[in-house]
>>> print(open('upload-v4.cif').read())   # mmCIF, C-alpha atoms
data_data
loop_
_atom_site.label_atom_id
_atom_site.label_comp_id
_atom_site.auth_asym_id
_atom_site.auth_seq_id
_atom_site.Cartn_x
_atom_site.Cartn_y
_atom_site.Cartn_z
CA MET A 902 169.25 -58.50 259.35
CA LEU A 903 172.08 -57.25 261.56
CA THR A 904 173.65 -59.44 264.18
CA THR A 905 176.36 -58.40 266.59
CA TYR A 906 178.95 -60.53 268.34
CA ARG A 907 182.18 -60.40 270.28
CA LEU A 908 185.48 -61.68 268.91
CA THR A 909 187.67 -64.13 270.82
CA GLU A 910 190.50 -61.58 270.90
CA HIS A 911 188.32 -59.27 272.99
CA HIS A 912 187.73 -59.58 276.67
CA THR A 913 184.80 -57.97 278.49
CA ALA A 914 184.68 -54.30 277.46
CA GLY A 915 186.64 -52.72 274.62
CA GLY A 916 188.50 -50.35 276.93
CA MET A 917 190.40 -53.31 278.34
CA THR A 918 191.57 -54.73 275.05
CA ARG A 919 191.89 -51.75 272.69
CA THR A 920 194.73 -50.42 274.82
CA LEU A 921 196.75 -53.65 274.77
CA SER A 922 199.04 -53.82 271.74
CA HIS A 923 199.21 -57.62 271.68
CA LEU A 924 195.43 -57.86 271.44
CA ALA A 925 194.88 -54.74 269.33
CA GLU A 926 197.12 -56.06 266.54
CA LEU A 927 195.02 -59.22 266.26
CA GLN A 928 191.80 -57.34 265.47
CA PRO A 929 192.87 -53.82 264.56
CA GLU A 930 189.77 -52.51 262.83
CA LEU A 931 185.99 -52.73 262.92
CA PHE A 932 184.68 -54.83 260.06
CA THR A 933 181.36 -56.12 258.84
CA GLU A 934 180.90 -59.63 257.50
CA VAL A 935 178.62 -60.09 254.50
CA SER A 936 177.86 -62.94 252.11
CA PRO A 937 179.17 -62.85 248.51
CA GLU A 938 175.49 -62.72 247.41
CA LEU A 939 174.75 -59.53 249.38
CA ALA A 940 178.06 -57.97 248.30
CA ALA A 941 177.21 -58.59 244.63
CA ASP A 942 173.65 -57.34 245.19
CA ILE A 943 174.53 -53.90 246.53
CA GLY A 944 178.11 -53.49 245.27
CA LEU A 945 180.17 -54.04 248.41
CA GLU A 946 183.86 -54.61 247.84
CA HIS A 947 186.04 -56.86 249.99
CA ARG A 948 188.39 -54.67 252.10
CA GLY A 949 186.36 -51.62 251.03
CA TRP A 950 184.05 -49.63 253.27
CA ALA A 951 180.39 -49.97 254.15
CA THR A 952 177.98 -47.67 255.96
CA ILE A 953 175.46 -49.36 258.22
CA THR A 954 172.40 -47.53 259.52
CA THR A 955 169.50 -48.18 261.86
CA PRO A 956 167.01 -45.60 263.13
CA ARG A 957 169.38 -45.05 266.07
CA GLY A 958 172.71 -44.55 264.42
CA ILE A 959 175.05 -44.56 261.46
CA ILE A 960 178.47 -46.25 261.46
CA GLN A 961 181.15 -47.28 258.98
CA ALA A 962 183.17 -50.50 258.87
CA ARG A 963 185.57 -52.33 256.59
CA VAL A 964 183.91 -55.01 254.45
CA MET A 965 184.76 -58.69 254.77
CA VAL A 966 183.05 -60.80 252.12
CA THR A 967 182.91 -64.42 253.24
CA THR A 968 180.95 -67.58 252.44
CA ARG A 969 180.65 -68.12 256.19
CA MET A 970 177.72 -65.69 256.01
CA ARG A 971 174.81 -67.35 254.23
CA PRO A 972 171.65 -65.69 252.97
CA MET A 973 168.52 -67.13 254.60
CA TRP A 974 165.24 -68.02 252.92
CA VAL A 975 162.47 -66.80 255.24
CA GLU A 976 158.77 -66.84 254.32
CA GLY A 977 159.43 -66.82 250.61
CA ARG A 978 162.08 -64.12 250.50
CA THR A 979 165.82 -63.85 250.86
CA VAL A 980 167.01 -62.32 254.09
CA HIS A 981 170.65 -61.28 254.20
CA GLN A 982 172.76 -61.27 257.33
CA VAL A 983 175.14 -58.50 258.24
CA GLY A 984 177.64 -59.51 260.89
CA LEU A 985 179.15 -56.80 263.07
CA PRO A 986 181.53 -57.40 265.95
CA TYR A 987 181.62 -54.67 268.58
CA HIS A 988 184.42 -53.43 270.86
CA TRP A 989 185.79 -50.43 269.01
CA GLY A 990 185.45 -46.83 270.09
CA TYR A 991 187.01 -43.38 269.93
CA LYS A 992 189.90 -44.17 272.28
CA GLY A 993 192.67 -46.76 272.35
CA LEU A 994 195.49 -48.01 270.12
CA VAL A 995 192.93 -49.00 267.51
CA LYS A 996 189.84 -46.92 266.97
CA GLY A 997 186.60 -47.44 265.14
CA ASP A 998 182.91 -46.72 265.11
CA VAL A 999 180.77 -47.98 267.98
CA THR A 1000 178.53 -50.84 266.81
CA ASN A 1001 176.27 -50.51 269.84
CA ASP A 1002 175.37 -46.99 268.63
CA LEU A 1003 173.02 -48.82 266.25
CA LEU A 1004 171.16 -50.51 269.08
CA ALA A 1005 168.62 -49.39 271.62
CA ILE A 1006 170.07 -49.44 275.13
CA SER A 1007 168.77 -52.61 276.67
CA GLU A 1008 170.90 -54.12 279.38
CA GLU A 1009 170.86 -57.67 280.49
CA PRO A 1010 169.76 -57.63 284.17
CA ASN A 1011 172.49 -59.83 285.64
CA VAL A 1012 175.70 -58.36 284.27
CA ARG A 1013 174.41 -55.09 282.77
CA ILE A 1014 175.82 -55.78 279.33
CA MET A 1015 174.02 -54.88 276.12
CA GLU A 1016 171.60 -57.71 275.44
CA THR A 1017 170.37 -56.80 271.98
CA LYS A 1018 172.05 -58.96 269.38
CA ALA A 1019 169.84 -58.93 266.28
CA LEU A 1020 168.00 -56.15 264.48
CA VAL A 1021 167.09 -54.80 261.05
CA CYS A 1022 169.57 -52.49 259.35
CA ASN A 1023 170.46 -50.82 256.09
CA ILE A 1024 173.89 -51.32 254.50
CA GLN A 1025 175.43 -49.52 251.56
CA PRO A 1026 178.90 -49.21 250.07
CA GLY A 1027 181.22 -46.35 250.99
CA ARG A 1028 182.14 -44.40 254.12
CA ARG A 1029 179.66 -42.40 256.16
CA PRO A 1030 179.63 -38.60 256.24
CA GLN A 1031 181.20 -36.90 259.28
CA GLY A 1032 179.61 -34.74 261.98
CA GLN A 1033 176.29 -33.01 261.27
CA ALA A 1034 176.27 -34.46 257.75
CA ALA A 1035 176.13 -37.96 259.24
CA LEU A 1036 172.99 -37.06 261.17
CA GLU A 1037 171.41 -35.54 258.05
CA GLU A 1038 172.27 -38.69 256.05
CA LEU A 1039 170.63 -40.82 258.73
CA GLN A 1040 167.48 -38.63 258.70
CA GLU A 1041 167.40 -38.77 254.92
CA GLN A 1042 167.57 -42.57 254.98
CA MET A 1043 164.76 -42.66 257.56
CA ARG A 1044 162.57 -40.45 255.36
CA ARG A 1045 163.15 -42.80 252.43
CA VAL A 1046 161.95 -45.89 254.31
CA ALA A 1047 159.08 -44.11 256.09
CA MET B 394 218.38 -74.69 292.09
CA SER B 395 215.57 -76.06 294.24
CA ALA B 396 215.12 -79.79 294.67
CA ASN B 397 211.92 -80.19 292.64
CA ILE B 398 213.32 -78.59 289.48
CA PRO B 399 215.36 -81.07 287.42
CA ASP B 400 218.77 -79.87 286.34
CA PHE B 401 218.78 -79.81 282.55
CA SER B 402 221.82 -77.61 282.35
CA LEU B 403 224.13 -80.03 280.52
CA PRO B 404 223.54 -82.31 277.55
CA GLY B 405 223.14 -85.87 278.75
CA SER B 406 222.14 -84.70 282.20
CA GLY B 407 218.65 -86.09 281.82
CA ALA B 408 217.30 -83.56 279.35
CA ARG B 409 214.41 -84.93 277.33
CA THR B 410 214.19 -84.57 273.58
CA THR B 411 210.99 -82.60 273.30
CA ALA B 412 208.52 -81.59 270.60
CA PHE B 413 205.28 -79.82 269.80
CA LEU B 414 202.28 -81.62 268.37
CA THR B 415 199.92 -79.02 267.00
CA ASP B 416 196.52 -80.60 266.37
CA SER B 417 194.67 -78.30 263.97
CA THR B 418 191.45 -80.30 264.42
CA LEU B 419 191.30 -79.03 268.01
CA CYS B 420 192.32 -75.43 267.31
CA ILE B 421 189.57 -72.85 267.83
CA GLY B 422 191.54 -69.89 266.46
CA CYS B 423 191.64 -67.95 269.72
CA LYS B 424 195.27 -66.84 269.17
CA ALA B 425 196.07 -67.31 272.85
CA CYS B 426 199.35 -68.97 271.76
CA GLU B 427 200.35 -65.89 269.78
CA VAL B 428 199.70 -63.59 272.70
CA ALA B 429 201.28 -65.89 275.32
CA CYS B 430 204.39 -66.21 273.13
CA LYS B 431 204.73 -62.46 272.70
CA GLU B 432 204.11 -61.81 276.39
CA TRP B 433 206.66 -64.35 277.62
CA ASN B 434 209.36 -63.54 275.09
CA GLY B 435 208.84 -59.79 275.11
CA VAL B 436 208.11 -59.56 271.39
CA ALA B 437 206.38 -56.32 270.42
CA GLU B 438 203.28 -56.02 268.25
CA ASP B 439 204.20 -55.63 264.59
CA GLY B 440 201.60 -53.37 263.08
CA LEU B 441 197.96 -52.57 263.68
CA ASN B 442 196.84 -53.33 260.15
CA TRP B 443 193.60 -55.00 259.17
CA SER B 444 194.30 -57.58 256.44
CA GLY B 445 190.80 -58.67 255.46
CA PHE B 446 192.19 -62.20 255.20
CA SER B 447 189.65 -63.98 257.37
CA TYR B 448 190.46 -63.26 261.04
CA ASP B 449 194.21 -63.35 260.44
CA ASN B 450 195.85 -59.95 260.90
CA THR B 451 199.42 -61.02 261.67
CA GLY B 452 200.07 -62.75 258.32
CA ALA B 453 202.72 -65.37 258.95
CA VAL B 454 205.42 -66.59 261.29
CA GLY B 455 208.31 -64.11 261.25
CA ALA B 456 210.78 -62.11 263.33
CA SER B 457 208.03 -60.54 265.41
CA THR B 458 205.42 -63.34 265.36
CA TRP B 459 206.81 -66.66 266.55
CA ARG B 460 203.46 -68.41 266.84
CA HIS B 461 200.88 -67.64 264.21
CA VAL B 462 197.34 -68.92 263.80
CA LYS B 463 196.28 -69.55 260.23
CA PHE B 464 192.63 -69.24 259.22
CA VAL B 465 191.58 -71.44 256.32
CA GLU B 466 188.10 -70.80 254.94
CA GLY B 467 186.67 -73.60 252.80
CA GLU B 468 183.92 -73.64 250.20
CA PRO B 469 180.38 -74.25 251.49
CA GLN B 470 179.55 -77.95 251.73
CA PRO B 471 176.42 -79.83 252.79
CA GLY B 472 176.39 -80.66 256.49
CA PHE B 473 176.66 -84.17 257.95
CA GLY B 474 174.11 -86.62 256.61
CA GLY B 475 173.05 -84.19 253.90
CA ALA B 476 170.13 -82.97 256.01
CA ALA B 477 171.78 -79.89 257.42
CA GLY B 478 172.18 -76.72 255.41
CA GLU B 479 175.36 -75.79 253.59
CA VAL B 480 178.10 -74.64 255.88
CA SER B 481 181.56 -73.32 255.18
CA SER B 482 184.47 -75.05 256.79
CA TRP B 483 186.68 -72.77 258.85
CA ASN B 484 189.89 -74.42 259.89
CA PHE B 485 192.58 -73.01 262.13
CA SER B 486 196.12 -74.10 262.69
CA SER B 487 198.82 -72.63 264.86
CA ASP B 488 202.11 -72.43 262.96
CA VAL B 489 205.54 -72.27 264.56
CA CYS B 490 209.24 -72.91 263.85
CA LYS B 491 209.54 -76.62 263.00
CA HIS B 492 212.87 -77.14 264.82
CA CYS B 493 214.05 -79.48 262.03
CA GLU B 494 216.31 -82.46 262.67
CA GLN B 495 218.47 -81.18 259.80
CA ALA B 496 217.95 -77.45 260.14
CA GLY B 497 218.74 -75.29 257.12
CA CYS B 498 219.26 -72.20 259.27
CA LEU B 499 221.69 -73.95 261.60
CA GLU B 500 223.73 -75.36 258.73
CA ALA B 501 223.93 -71.98 257.02
CA CYS B 502 224.87 -69.91 260.09
CA PRO B 503 228.51 -68.79 259.72
CA THR B 504 228.88 -67.32 263.22
CA GLY B 505 227.72 -70.30 265.23
CA SER B 506 224.88 -68.19 266.60
CA ILE B 507 222.33 -70.89 265.80
CA VAL B 508 222.77 -73.96 267.97
CA ARG B 509 220.99 -77.22 268.77
CA THR B 510 219.85 -77.28 272.38
CA GLU B 511 219.84 -80.28 274.72
CA PHE B 512 216.07 -80.51 274.15
CA GLY B 513 216.52 -80.95 270.40
CA GLY B 514 215.31 -77.46 269.51
CA VAL B 515 217.09 -74.97 267.27
CA TYR B 516 218.06 -71.82 269.15
CA VAL B 517 219.34 -68.48 267.86
CA GLN B 518 221.72 -66.74 270.28
CA PRO B 519 220.88 -63.09 269.69
CA ASP B 520 224.17 -61.86 271.21
CA VAL B 521 226.18 -63.85 268.65
CA CYS B 522 224.04 -63.22 265.55
CA ASN B 523 225.64 -60.68 263.20
CA GLY B 524 222.62 -60.25 260.94
CA CYS B 525 224.08 -61.83 257.78
CA SER B 526 220.66 -63.43 257.10
CA TYR B 527 222.07 -66.59 255.46
CA CYS B 528 219.62 -68.48 257.69
CA VAL B 529 216.66 -66.54 256.30
CA VAL B 530 217.12 -67.93 252.79
CA SER B 531 218.07 -71.39 254.10
CA CYS B 532 214.88 -72.13 256.03
CA PRO B 533 212.69 -74.49 253.96
CA PHE B 534 209.63 -73.24 255.84
CA GLY B 535 210.25 -69.48 255.65
CA VAL B 536 210.20 -69.19 259.44
CA ILE B 537 213.31 -67.28 260.48
CA GLN B 538 213.37 -63.62 259.56
CA LYS B 539 215.45 -60.49 260.08
CA ASN B 540 214.24 -57.93 262.57
CA ASP B 541 213.87 -54.61 260.76
CA SER B 542 215.03 -52.56 263.72
CA ASP B 543 218.44 -54.12 264.42
CA GLY B 544 218.97 -56.52 261.51
CA ARG B 545 219.42 -59.68 263.58
CA ALA B 546 217.48 -62.87 262.88
CA PHE B 547 214.75 -64.03 265.23
CA LYS B 548 212.41 -66.98 265.54
CA CYS B 549 210.78 -69.27 268.09
CA THR B 550 213.25 -70.19 270.86
CA PHE B 551 211.27 -73.34 271.73
CA CYS B 552 211.00 -71.46 275.07
CA TYR B 553 214.52 -72.60 275.93
CA ASP B 554 214.47 -70.55 279.14
CA ARG B 555 211.23 -72.19 280.28
CA GLN B 556 212.34 -75.70 279.31
CA LYS B 557 215.58 -75.16 281.23
CA VAL B 558 213.61 -74.93 284.46
CA GLY B 559 211.21 -77.73 283.59
CA LEU B 560 208.33 -75.60 282.30
CA GLN B 561 206.49 -76.17 279.06
CA PRO B 562 206.63 -73.48 276.34
CA ALA B 563 204.30 -70.52 276.82
CA CYS B 564 202.11 -71.31 273.77
CA ALA B 565 201.43 -74.89 274.87
CA LYS B 566 200.70 -73.66 278.40
CA ALA B 567 198.18 -71.08 277.16
CA CYS B 568 196.35 -73.29 274.63
CA PRO B 569 192.85 -73.78 276.09
CA THR B 570 191.90 -76.79 273.92
CA GLU B 571 195.21 -78.66 274.13
CA SER B 572 195.60 -78.20 270.41
CA ILE B 573 199.26 -77.47 271.11
CA LYS B 574 200.71 -80.44 272.93
CA PHE B 575 204.22 -80.46 274.30
CA GLY B 576 206.21 -83.43 275.51
CA GLU B 577 208.75 -86.12 274.81
CA ILE B 578 209.12 -86.50 271.04
CA SER B 579 208.58 -90.27 270.72
CA GLU B 580 205.51 -90.13 272.98
CA LEU B 581 204.04 -87.30 270.93
CA ARG B 582 204.71 -89.14 267.64
CA LEU B 583 202.72 -92.07 269.03
CA ALA B 584 199.97 -89.74 270.26
CA ALA B 585 199.75 -88.21 266.78
CA GLN B 586 199.29 -91.66 265.17
CA GLU B 587 196.63 -92.55 267.74
CA ARG B 588 194.77 -89.30 267.07
CA VAL B 589 194.83 -89.89 263.30
CA LYS B 590 193.41 -93.39 263.84
CA GLU B 591 190.67 -91.97 266.04
CA LEU B 592 189.78 -89.27 263.51
CA HIS B 593 189.70 -91.80 260.65
CA SER B 594 187.34 -94.00 262.66
CA ARG B 595 185.08 -90.98 263.14
CA GLY B 596 184.90 -90.35 259.39
CA VAL B 597 187.55 -87.64 259.12
CA HIS B 598 189.41 -89.51 256.40
CA ASP B 599 191.63 -86.64 255.28
CA ALA B 600 193.34 -86.30 258.68
CA GLN B 601 197.10 -86.85 258.53
CA VAL B 602 200.30 -86.10 260.41
CA TYR B 603 202.62 -83.56 258.84
CA ASP B 604 206.16 -84.54 259.86
CA PRO B 605 208.54 -84.61 256.86
CA VAL B 606 210.77 -87.50 258.01
CA ASP B 607 211.33 -88.78 254.46
CA THR B 608 212.89 -85.57 253.20
CA SER B 609 216.34 -84.09 253.87
CA VAL B 610 214.77 -82.26 256.82
CA GLU B 611 214.58 -85.74 258.44
CA GLY B 612 211.63 -84.92 260.66
CA THR B 613 210.84 -82.01 262.94
CA HIS B 614 210.38 -81.15 266.58
CA ALA B 615 207.09 -79.45 265.76
CA PHE B 616 204.75 -81.70 263.82
CA PHE B 617 201.17 -81.02 262.89
CA LEU B 618 197.92 -82.89 262.63
CA ILE B 619 196.16 -81.45 259.61
CA ARG B 620 193.31 -82.22 257.24
CA GLY B 621 193.98 -82.61 253.52
CA ASP B 622 196.68 -80.88 251.52
CA PRO B 623 199.53 -79.44 253.66
CA ARG B 624 199.73 -76.50 251.26
CA THR B 625 196.34 -75.32 252.56
CA TYR B 626 198.13 -74.65 255.84
CA ASN B 627 201.16 -73.02 254.19
CA LEU B 628 203.23 -76.17 254.80
CA PRO B 629 205.49 -77.37 251.95
CA PRO B 630 204.71 -80.99 250.95
CA GLN B 631 208.40 -81.77 250.29
CA PRO B 632 210.65 -79.43 252.31
CA GLU B 633 214.37 -79.76 251.59
CA VAL B 634 217.43 -78.42 253.40
CA PRO B 635 219.35 -76.25 250.89
CA THR B 636 222.67 -77.93 251.76
CA ILE B 637 221.60 -81.02 249.79
CA TYR B 638 222.44 -78.96 246.71
CA LEU B 639 226.00 -78.34 247.98
CA LYS B 640 227.42 -81.49 246.35
CA ALA B 641 225.96 -80.60 242.98
CA GLY B 642 227.10 -77.02 243.48
CA TRP B 643 230.72 -77.99 244.24
CA ARG B 644 230.72 -80.50 241.39
CA ALA B 645 229.54 -77.79 239.00
CA ALA B 646 232.18 -75.41 240.37
CA ALA B 647 234.91 -78.07 239.96
CA LEU B 648 233.75 -78.86 236.42
CA GLY B 649 233.70 -75.16 235.65
CA SER B 650 237.23 -74.59 236.88
CA ALA B 651 238.46 -77.73 235.09
CA ALA B 652 236.87 -76.44 231.89
CA LEU B 653 238.52 -73.02 232.36
CA LEU B 654 241.90 -74.62 233.02
CA ALA B 655 241.55 -76.88 229.97
CA GLY B 656 240.52 -73.87 227.92
CA SER B 657 243.61 -71.90 228.98
CA LEU B 658 245.87 -74.85 228.14
CA VAL B 659 244.28 -75.29 224.76
CA ALA B 660 244.58 -71.57 224.11
CA PHE B 661 248.24 -71.68 225.06
CA LEU B 662 249.14 -74.78 223.06
CA ALA B 663 247.07 -73.89 220.04
CA SER B 664 248.27 -70.28 219.88
CA PRO B 665 248.68 -68.67 216.38
CA LYS B 666 251.31 -70.27 214.18
CA GLY B 667 253.37 -67.15 213.79
CA ALA B 668 253.83 -66.66 217.52
CA ARG B 669 254.83 -70.27 217.94
CA SER B 670 257.19 -70.39 214.99
CA ARG B 671 258.84 -67.20 216.19
CA GLN B 672 259.38 -68.91 219.48
CA PHE B 673 260.87 -71.99 217.82
CA ARG B 674 262.99 -69.87 215.50
CA SER B 675 264.44 -67.86 218.32
CA ARG B 676 265.17 -71.07 220.16
CA GLY B 677 266.85 -72.43 217.03
CA HIS B 678 268.85 -69.24 216.64
CA ARG B 679 270.25 -69.64 220.08
CA GLN B 680 271.47 -73.10 219.19
#
>>> encode(input="upload-v4.cif", output="structure tokens")
Amino acid sequence: MLTTYRLTEHHTAGGMTRTLSHLAELQPELFTEVSPELAADIGLEHRGWATITTPRGIIQARVMVTTRMRPMWVEGRTVHQVGLPYHWGYKGLVKGDVTNDLLAISEEPNVRIMETKALVCNIQPGRRPQGQAALEELQEQMRRVA
Amino acid sequence: MSANIPDFSLPGSGARTTAFLTDSTLCIGCKACEVACKEWNGVAEDGLNWSGFSYDNTGAVGASTWRHVKFVEGEPQPGFGGAAGEVSSWNFSSDVCKHCEQAGCLEACPTGSIVRTEFGGVYVQPDVCNGCSYCVVSCPFGVIQKNDSDGRAFKCTFCYDRQKVGLQPACAKACPTESIKFGEISELRLAAQERVKELHSRGVHDAQVYDPVDTSVEGTHAFFLIRGDPRTYNLPPQPEVPTIYLKAGWRAAALGSAALLAGSLVAFLASPKGARSRQFRSRGHRQ
């Protein structure tokens, strides 16, 4: 189960904070927060890389293993949480993959900001392929779950 | 100077002895103090590196980070009353130069660059500093540090320029939860005791004030309200000013020289018989 959130260092959209050195140094890279249980389960390493996929996109992020993320027990099975802050992009002092690429575009009617915050995802250790290979990897993963 | 700004320009001219009280139980880890400090003092960012150490990517207080928010992640514990699920504690605390009453850096500075201001803070005059870095090794808290680019030492100025014109330091001004309090030192010491009492009455029994008055540091101008072991927050339980070892050092040096002197005398007096007898013989010959 993927959940996205904003960090306190970030204000409104990423374009406003990624270009400010005093804010960029406080959160310089996109990371994903996982529980020690999930990390042990699929072989994620703290400070290593993880690739996260949904039917809409494929991104990579640094791994932060923390007990702040707890596995949930839902209807007789363990459901793991994958935390992903957003706010990185291809421009700015600090760059990173775009978390909202994983989400369907669904804007909140008042302020027109992405309103989706929770969805199902796949996570595996290692970095994602680049370019066309990334798309093929995503399609391959989709075929496997179909 | 306009009428509503008090003139704090000379010691004894009404300047207050001021302090910070940083209450970690109120800190939300927003790092506004870090940013406000860097903005006001014109300190540049010091590296866009992701540490993976909780949400802390600036590491520690140093030459280019004068306020630093520590993130302390605890082991999961059952929630209040035992009914709630297990939650991890996540404590934050904003660290800063302690502005010690007996400051190791000030005592070690050979150029007189480091001075005590009329507000009680410890201030480094960057135009006097020659970059010898004696202060760096003399700070019991590891606060002051050399700037890599020009070799001079830098640390929190206690916003001397702001205090001069009656403003509070930038970090205290920016803190949204009043975790960083600034004011007259005796008032803040009382406020800290009151806060500890309040927290104890609410069941936070490990709350305590960190203000090492019983050590050679003799108290600070930046004390902290923390929970549990000070070491969790990178604070030494028993900080000591290095100059307390001076007496022992000089005594050892004096003993050493006395021993050397005695050794030379002994060597001279107890020199080989032949050499001595030759000396006596020659003396005798002269007679």
>>> interface_residues(input="upload-v4.cif", of="chain B", to="chain A", cutoff="12 Å", atoms="all atoms listed in the file", output="mmCIF file with C-alpha atoms, in the coordinates of the input")
data_model
loop_
_atom_site.group_PDB
_atom_site.id
_atom_site.type_symbol
_atom_site.label_atom_id
_atom_site.label_comp_id
_atom_site.auth_asym_id
_atom_site.auth_seq_id
_atom_site.Cartn_x
_atom_site.Cartn_y
_atom_site.Cartn_z
ATOM 1 C CA ILE B 421 189.570 -72.850 267.830
ATOM 2 C CA GLY B 422 191.540 -69.890 266.460
ATOM 3 C CA CYS B 423 191.640 -67.950 269.720
ATOM 4 C CA LYS B 424 195.270 -66.840 269.170
ATOM 5 C CA ALA B 425 196.070 -67.310 272.850
ATOM 6 C CA CYS B 426 199.350 -68.970 271.760
ATOM 7 C CA GLU B 427 200.350 -65.890 269.780
ATOM 8 C CA VAL B 428 199.700 -63.590 272.700
ATOM 9 C CA ALA B 429 201.280 -65.890 275.320
ATOM 10 C CA CYS B 430 204.390 -66.210 273.130
ATOM 11 C CA LYS B 431 204.730 -62.460 272.700
ATOM 12 C CA GLU B 432 204.110 -61.810 276.390
ATOM 13 C CA TRP B 433 206.660 -64.350 277.620
ATOM 14 C CA GLY B 435 208.840 -59.790 275.110
ATOM 15 C CA VAL B 436 208.110 -59.560 271.390
ATOM 16 C CA ALA B 437 206.380 -56.320 270.420
ATOM 17 C CA GLU B 438 203.280 -56.020 268.250
ATOM 18 C CA ASP B 439 204.200 -55.630 264.590
ATOM 19 C CA GLY B 440 201.600 -53.370 263.080
ATOM 20 C CA LEU B 441 197.960 -52.570 263.680
ATOM 21 C CA ASN B 442 196.840 -53.330 260.150
ATOM 22 C CA TRP B 443 193.600 -55.000 259.170
ATOM 23 C CA SER B 444 194.300 -57.580 256.440
ATOM 24 C CA GLY B 445 190.800 -58.670 255.460
ATOM 25 C CA PHE B 446 192.190 -62.200 255.200
ATOM 26 C CA SER B 447 189.650 -63.980 257.370
ATOM 27 C CA TYR B 448 190.460 -63.260 261.040
ATOM 28 C CA ASP B 449 194.210 -63.350 260.440
ATOM 29 C CA ASN B 450 195.850 -59.950 260.900
ATOM 30 C CA THR B 451 199.420 -61.020 261.670
ATOM 31 C CA GLY B 452 200.070 -62.750 258.320
ATOM 32 C CA SER B 457 208.030 -60.540 265.410
ATOM 33 C CA THR B 458 205.420 -63.340 265.360
ATOM 34 C CA HIS B 461 200.880 -67.640 264.210
ATOM 35 C CA VAL B 462 197.340 -68.920 263.800
ATOM 36 C CA VAL B 465 191.580 -71.440 256.320
ATOM 37 C CA GLU B 466 188.100 -70.800 254.940
ATOM 38 C CA GLY B 467 186.670 -73.600 252.800
ATOM 39 C CA GLU B 468 183.920 -73.640 250.200
ATOM 40 C CA PRO B 469 180.380 -74.250 251.490
ATOM 41 C CA GLN B 470 179.550 -77.950 251.730
ATOM 42 C CA GLY B 478 172.180 -76.720 255.410
ATOM 43 C CA GLU B 479 175.360 -75.790 253.590
ATOM 44 C CA VAL B 480 178.100 -74.640 255.880
ATOM 45 C CA SER B 481 181.560 -73.320 255.180
ATOM 46 C CA SER B 482 184.470 -75.050 256.790
ATOM 47 C CA TRP B 483 186.680 -72.770 258.850
ATOM 48 C CA ASN B 484 189.890 -74.420 259.890
#
>>> atom_distance(input="upload-v4.cif", atom1="atom CA of Thr636 of chain B", atom2="atom CA of Ala546 of chain B")
19.4 Å
>>> residues_around(input="upload-v4.cif", residues="Asn540 of chain B", least_positions_apart="3", cutoff="9 Å", atoms="only C-alpha atoms", output="MDAnalysis selection string")
chainID B and resid 455:457 524 543:547
>>> residues_near_point(input="upload-v4.cif", point="(171.3, -43.0, 262.1)", cutoff="8 Å", atoms="only C-alpha atoms", output="list of chain:residue names")
A:Thr954, A:Thr955, A:Pro956, A:Arg957, A:Gly958, A:Ile959, A:Ile960, A:Leu1003, A:Ala1035, A:Leu1036, A:Glu1038, A:Leu1039, A:Gln1040, A:Met1043
>>> atom_distance(input="upload-v4.cif", atom1="atom CA of Lys557 of chain B", atom2="atom CA of Asp520 of chain B")
18.7 Å
>>> resolve_selection(input="upload-v4.cif", expression="the PyMOL selection byres ((chain B and resi 552-554) around 12)", output="MDAnalysis selection string")
chainID B and resid 401:402 408 411:413 429:435 459:460 489:490 492 508:518 548:551 555:566 575
>>> atom_distance(input="upload-v4.cif", atom1="atom CA of Val597 of chain B", atom2="atom CA of Ser579 of chain B")
24.2 Å
>>> resolve_selection(input="upload-v4.cif", expression="the PyMOL selection byres ((chain B and resi 614-626) around 9)", output="PyMOL selection string")
chain B and resi 410-418+463-465+484-494+513-514+578+582+585+588-589+597-605+612-613+627-630
>>> resolve_selection(input="upload-v4.cif", expression="the PyMOL selection byres ((chain A and resi 944) around 12)", output="number ranges by chain")
A: 935-943, 945-947, 949-951, 964, 966, 1024-1027
>>> residues_around(input="upload-v4.cif", residues="Tyr991 of chain A", least_positions_apart="4", cutoff="12 Å", atoms="all atoms listed in the file", output="NGL selection string")
:A and (915-916 or 919-920 or 930-931 or 995-1000)
